[in-house]
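start-v5.cif (mmCIF, C-alpha atoms)
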```
data_work
loop_
_atom_site.label_atom_id
_atom_site.label_comp_id
_atom_site.auth_asym_id
_atom_site.auth_seq_id
_atom_site.Cartn_x
_atom_site.Cartn_y
_atom_site.Cartn_z
CA MET A 1 -16.05 1.23 48.03
CA ILE A 2 -12.92 1.47 45.89
CA PRO A 3 -13.60 2.30 42.28
CA ALA A 4 -12.49 -0.32 39.78
CA MET A 5 -9.30 0.47 37.92
CA PRO A 6 -9.55 0.43 34.13
CA ALA A 7 -7.88 -2.55 32.45
CA SER A 8 -5.44 -0.33 30.55
CA ALA A 9 -4.17 1.28 33.77
CA ALA A 10 -3.54 -2.11 35.37
CA ALA A 11 -1.53 -3.27 32.35
CA ARG A 12 0.90 -0.32 32.41
CA PRO A 13 2.92 -1.43 35.46
CA ARG A 14 3.22 -4.94 34.00
CA GLN A 15 4.43 -3.54 30.69
CA ALA A 16 6.98 -1.34 32.42
CA SER A 17 8.35 -4.15 34.56
CA SER A 18 8.45 -6.43 31.53
CA ALA A 19 10.41 -3.81 29.59
CA VAL A 20 12.88 -3.38 32.46
CA LEU A 21 13.42 -7.16 32.70
CA ARG A 22 13.86 -7.43 28.93
CA PHE A 23 16.42 -4.59 28.99
CA GLY A 24 18.26 -6.27 31.88
CA ARG A 25 18.39 -9.60 30.02
CA VAL A 26 19.64 -7.99 26.80
CA ALA A 27 22.23 -5.88 28.64
CA SER A 28 23.58 -8.75 30.75
CA MET A 29 23.66 -11.32 27.95
CA GLY A 30 25.13 -8.77 25.54
CA THR A 31 27.87 -8.07 28.05
CA VAL A 32 28.58 -11.78 28.51
CA ALA A 33 28.73 -12.36 24.74
CA ALA A 34 31.02 -9.35 24.27
CA LEU A 35 33.34 -10.53 27.07
CA ILE A 36 33.57 -14.01 25.54
CA LEU A 37 34.51 -12.54 22.16
CA ILE A 38 37.03 -10.13 23.69
CA ALA A 39 38.62 -13.02 25.58
CA GLY A 40 38.85 -15.02 22.33
CA VAL A 41 40.56 -12.17 20.50
CA TRP A 42 42.87 -11.54 23.47
CA ALA A 43 43.88 -15.22 23.64
CA SER A 44 44.47 -15.35 19.90
CA TRP A 45 46.36 -12.06 19.61
CA GLY A 46 49.28 -13.27 21.75
CA THR A 47 50.39 -15.52 18.88
CA ALA A 48 48.63 -13.91 15.94
CA GLN A 49 50.49 -10.61 16.27
CA HIS A 50 53.79 -12.35 15.53
CA VAL A 51 52.35 -14.25 12.57
CA LEU A 52 50.39 -11.38 11.01
CA LEU A 53 52.76 -8.46 11.63
CA THR A 54 55.98 -9.96 10.26
CA LYS A 55 57.60 -6.77 9.00
CA GLY A 56 60.94 -6.41 10.76
CA ARG A 57 60.71 -9.85 12.37
CA GLU A 58 63.05 -12.75 11.79
CA ARG A 59 61.53 -15.41 9.56
CA GLY A 60 62.91 -18.82 8.80
CA THR A 61 62.45 -22.55 9.26
CA VAL A 62 62.94 -24.89 12.17
CA GLU A 63 63.56 -28.63 11.93
CA VAL A 64 62.08 -30.17 15.07
CA THR A 65 64.57 -32.62 16.59
CA ARG A 66 63.40 -32.93 20.22
CA CYS A 67 60.09 -32.73 22.03
CA GLY A 68 59.37 -32.92 25.73
CA GLY A 69 57.79 -31.01 28.56
CA GLY A 70 55.31 -29.23 26.33
CA MET A 71 58.02 -27.73 24.10
CA CYS A 72 59.85 -28.84 20.97
CA SER A 73 63.21 -27.58 19.77
CA GLY A 74 65.54 -27.73 16.82
CA PRO A 75 67.95 -25.73 14.67
CA TYR A 76 66.75 -22.52 13.04
CA SER A 77 67.63 -21.61 9.45
CA PRO A 78 66.97 -17.97 8.47
CA VAL A 79 64.99 -16.96 5.39
CA SER A 80 64.58 -13.19 5.88
CA ALA A 81 67.32 -10.60 5.57
CA GLY A 82 68.99 -9.80 8.87
CA SER A 83 67.94 -13.04 10.52
CA GLN A 84 70.67 -15.15 12.09
CA ALA A 85 70.94 -18.91 12.24
CA ARG A 86 70.50 -20.46 15.67
CA GLU A 87 71.50 -23.86 16.94
CA ARG A 88 68.32 -24.20 18.97
CA VAL A 89 64.95 -22.47 19.04
CA VAL A 90 61.86 -23.50 20.98
CA ILE A 91 58.34 -23.97 19.65
CA GLU A 92 55.25 -24.97 21.62
CA ASP A 93 54.51 -28.71 21.42
CA SER A 94 50.98 -28.91 20.06
CA VAL A 95 48.98 -30.71 17.42
CA ALA A 96 50.58 -28.32 14.93
CA VAL A 97 54.13 -29.59 15.58
CA ALA A 98 55.65 -33.05 15.12
CA LYS A 99 59.18 -34.32 15.68
CA GLY A 100 61.20 -34.74 12.49
CA ARG A 101 59.30 -32.17 10.44
CA THR A 102 60.36 -28.73 9.22
CA TYR A 103 58.13 -25.68 9.69
CA SER A 104 58.11 -22.06 8.57
CA VAL A 105 58.35 -19.92 11.67
CA VAL A 106 58.65 -16.36 12.97
CA VAL A 107 60.98 -15.62 15.90
CA LYS A 108 59.34 -13.84 18.83
CA PRO A 109 61.34 -10.72 19.74
CA GLY A 110 63.84 -10.96 22.56
CA GLY A 111 64.38 -14.69 22.76
CA ASP A 112 64.66 -18.03 21.08
CA GLU A 113 60.94 -18.85 20.98
CA VAL A 114 59.26 -19.21 17.58
CA VAL A 115 55.69 -19.57 16.29
CA ARG A 116 54.44 -21.16 13.10
CA SER A 117 53.91 -18.83 10.17
CA GLY A 118 52.13 -19.07 6.84
CA PRO A 119 48.48 -19.99 6.38
CA ALA A 120 48.63 -22.82 8.91
CA GLY A 121 50.19 -20.55 11.54
CA VAL A 122 47.63 -17.79 10.96
CA LEU A 123 44.68 -20.16 11.24
CA TYR A 124 46.14 -21.95 14.27
CA ALA A 125 46.73 -18.62 16.01
CA TRP A 126 43.04 -17.73 15.69
CA VAL A 127 41.70 -21.04 17.07
CA PRO A 128 40.79 -19.48 20.45
CA LEU A 129 38.63 -16.93 18.61
CA GLY A 130 36.86 -19.79 16.80
CA GLY A 131 36.01 -21.40 20.12
CA ALA A 132 34.85 -18.07 21.51
CA LEU A 133 32.56 -17.58 18.50
CA LEU A 134 30.97 -20.97 19.14
CA LEU A 135 30.49 -20.26 22.83
CA ALA A 136 29.18 -16.74 22.29
CA SER A 137 26.71 -18.01 19.68
CA VAL A 138 24.96 -20.03 22.41
CA VAL A 139 24.68 -16.92 24.58
CA VAL A 140 23.41 -14.84 21.66
CA ALA A 141 20.81 -17.46 20.71
CA GLY A 142 19.60 -18.21 24.22
CA GLY A 143 20.10 -14.95 26.06
CA LEU A 144 19.56 -12.40 23.33
CA ARG A 145 17.18 -14.51 21.24
CA ARG A 146 18.97 -13.54 18.03
CA THR A 147 19.07 -16.90 16.29
CA ARG A 148 20.21 -15.68 12.87
CA VAL A 149 23.14 -13.80 14.35
CA ALA A 150 23.93 -16.82 16.52
CA TRP A 151 23.92 -19.16 13.52
CA GLY A 152 26.24 -16.77 11.69
CA MET A 153 28.64 -16.66 14.63
CA ALA A 154 28.55 -20.43 15.04
CA GLY A 155 29.13 -20.90 11.31
CA ALA A 156 32.13 -18.57 11.38
CA GLY A 157 33.55 -20.43 14.38
CA VAL A 158 33.10 -23.83 12.73
CA VAL A 159 34.66 -22.60 9.47
CA LEU A 160 37.66 -21.17 11.34
CA LEU A 161 38.20 -24.31 13.42
CA THR A 162 37.74 -26.62 10.44
CA ALA A 163 40.14 -24.60 8.28
CA ALA A 164 42.72 -24.63 11.08
CA PHE A 165 42.29 -28.40 11.48
CA PHE A 166 42.92 -29.09 7.80
CA ALA A 167 45.72 -26.51 7.47
CA VAL A 168 47.68 -27.86 10.42
#
```

Structure translated into structure tokens:
Amino acid sequence: MIPAMPASAAARPRQASSAVLRFGRVASMGTVAALILIAGVWASWGTAQHVLLTKGRERGTVEVTRCGGGMCSGPYSPVSAGSQARERVVIEDSVAVAKGRTYSVVVKPGGDEVVRSGPAGVLYAWVPLGGALLLASVVVAGGLRRTRVAWGMAGAGVVLLTAAFFAV
């Protein structure tokens, strides 16, 4: 006859496997949330670096005269010292750009492409991060079960996207 195992000894393997599964869930969902946020920063930084780090860059205005094929163009008028006027610069055709309007811009180095500057340009550059915050908040709430942190992330994402909407 096999002696009966005490109840506490039978519970130990279940507790250990439960702890391993909990660690696996936290590690995998934490990694997914971190990757989403890194992707949001990476997508935003491509434009944000030109808008935020303007020292030594050409700043001016562009009057949009033509739009087509996902790009708009127009003459560039310099504002900063050392910047040269150009007959035509190109800016991405997006909700932030409309034909017939004039925008403050920063020239990307080594070409004739420009990005919006000022508060509207800064907020618009960080829109991908706002979306990443919203998406990562779902992962943090569901996968990590950290609802307060998730609400904070979602709130920050909504504030960023709303501010960009009204600034543009």

Mind telling me what the PyMOL selection byres ((chain A and resi 119-124) around 6) catches here, as a ChimeraX atom specification? /A:116-118,125-127,164,167-168

Extract, using only C-alpha atoms, all DNA, RNA and protein residues at most 6 Å from range 136-148 of chain A, discarding same-chain residues fewer than 3 positions from it, and format them as a PyMOL selection string. chain A and resi 26+29+33+132-133+151+153-154

Residues from the last selection, C-alpha atoms, saved as a PDB file, in the coordinates of the input:
```pdb
ATOM      1  CA  VAL A  26      19.640  -7.990  26.800  1.00  0.00           C
ATOM      2  CA  MET A  29      23.660 -11.320  27.950  1.00  0.00           C
ATOM      3  CA  ALA A  33      28.730 -12.360  24.740  1.00  0.00           C
ATOM      4  CA  ALA A 132      34.850 -18.070  21.510  1.00  0.00           C
ATOM      5  CA  LEU A 133      32.560 -17.580  18.500  1.00  0.00           C
ATOM      6  CA  TRP A 151      23.920 -19.160  13.520  1.00  0.00           C
ATOM      7  CA  MET A 153      28.640 -16.660  14.630  1.00  0.00           C
ATOM      8  CA  ALA A 154      28.550 -20.430  15.040  1.00  0.00           C
TER       9      ALA A 154
END
```

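The residues returned by the PyMOL selection byres ((chain A and resi 102) around 9) for this structure are Thr61, Val62, Glu63, Val64, Val97, Ala98, Lys99, Gly100, Arg101, Tyr103 and Ser104 of chain A.
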
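CA of Glu92 in chain A is found 9.2 Å from CA of Cys67 in chain A.
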
Could you spell out the hits of the PyMOL selection byres ((chain A and resi 84) around 12) on the shown file, as an NGL selection string? :A and (57-61 or 75-83 or 85-89 or 107 or 112)

Quick one, how far is CA of Gly130 in chain A from CA of Thr162 in chain A?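 Atom-to-atom, CA of Gly130 in chain A and CA of Thr162 in chain A are spaced 9.4 Å apart.
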
What separation in Å, quoted to one decimal, exists between CA of Gly152 in chain A and CA of Leu134 in chain A?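 Distance between the two atoms: 9.8 Å.
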
Between A:Met71, A:Val114, A:Leu135, A:Leu53, which one has atoms that come closest to Leu37 in chain A, using all atoms listed in the file? A:Leu135

Determine, counting only C-alpha atoms, which protein, DNA and RNA residues have an atom within 6 Å of an atom of Val90 in chain A; residues of the same chain fewer than 3 positions away are not included. Present the result as a ChimeraX atom specification. /A:72-73,113

Coordinates of box centre and edge lengths for range 103-111 of chain A, 3 Å on every side, axis-aligned, as JSON:
```
{"center_x": 61.2, "center_y": -18.2, "center_z": 15.7, "size_x": 12.3, "size_y": 21.0, "size_z": 20.2}
```

A:Leu129, A:Leu161, A:Leu35, A:Val106: which is nearest Gln49 in chain A, counting all atoms listed in the file?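 Under the stated criterion, the closest residue is A:Val106.
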
Residue with smallest distance to Ala96 in chain A - pool A:Gly155, A:Phe166, A:Thr65, A:Lys108, counting only C-alpha atoms: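 Among the listed residues, A:Phe166 lies closest to Ala96 in chain A.
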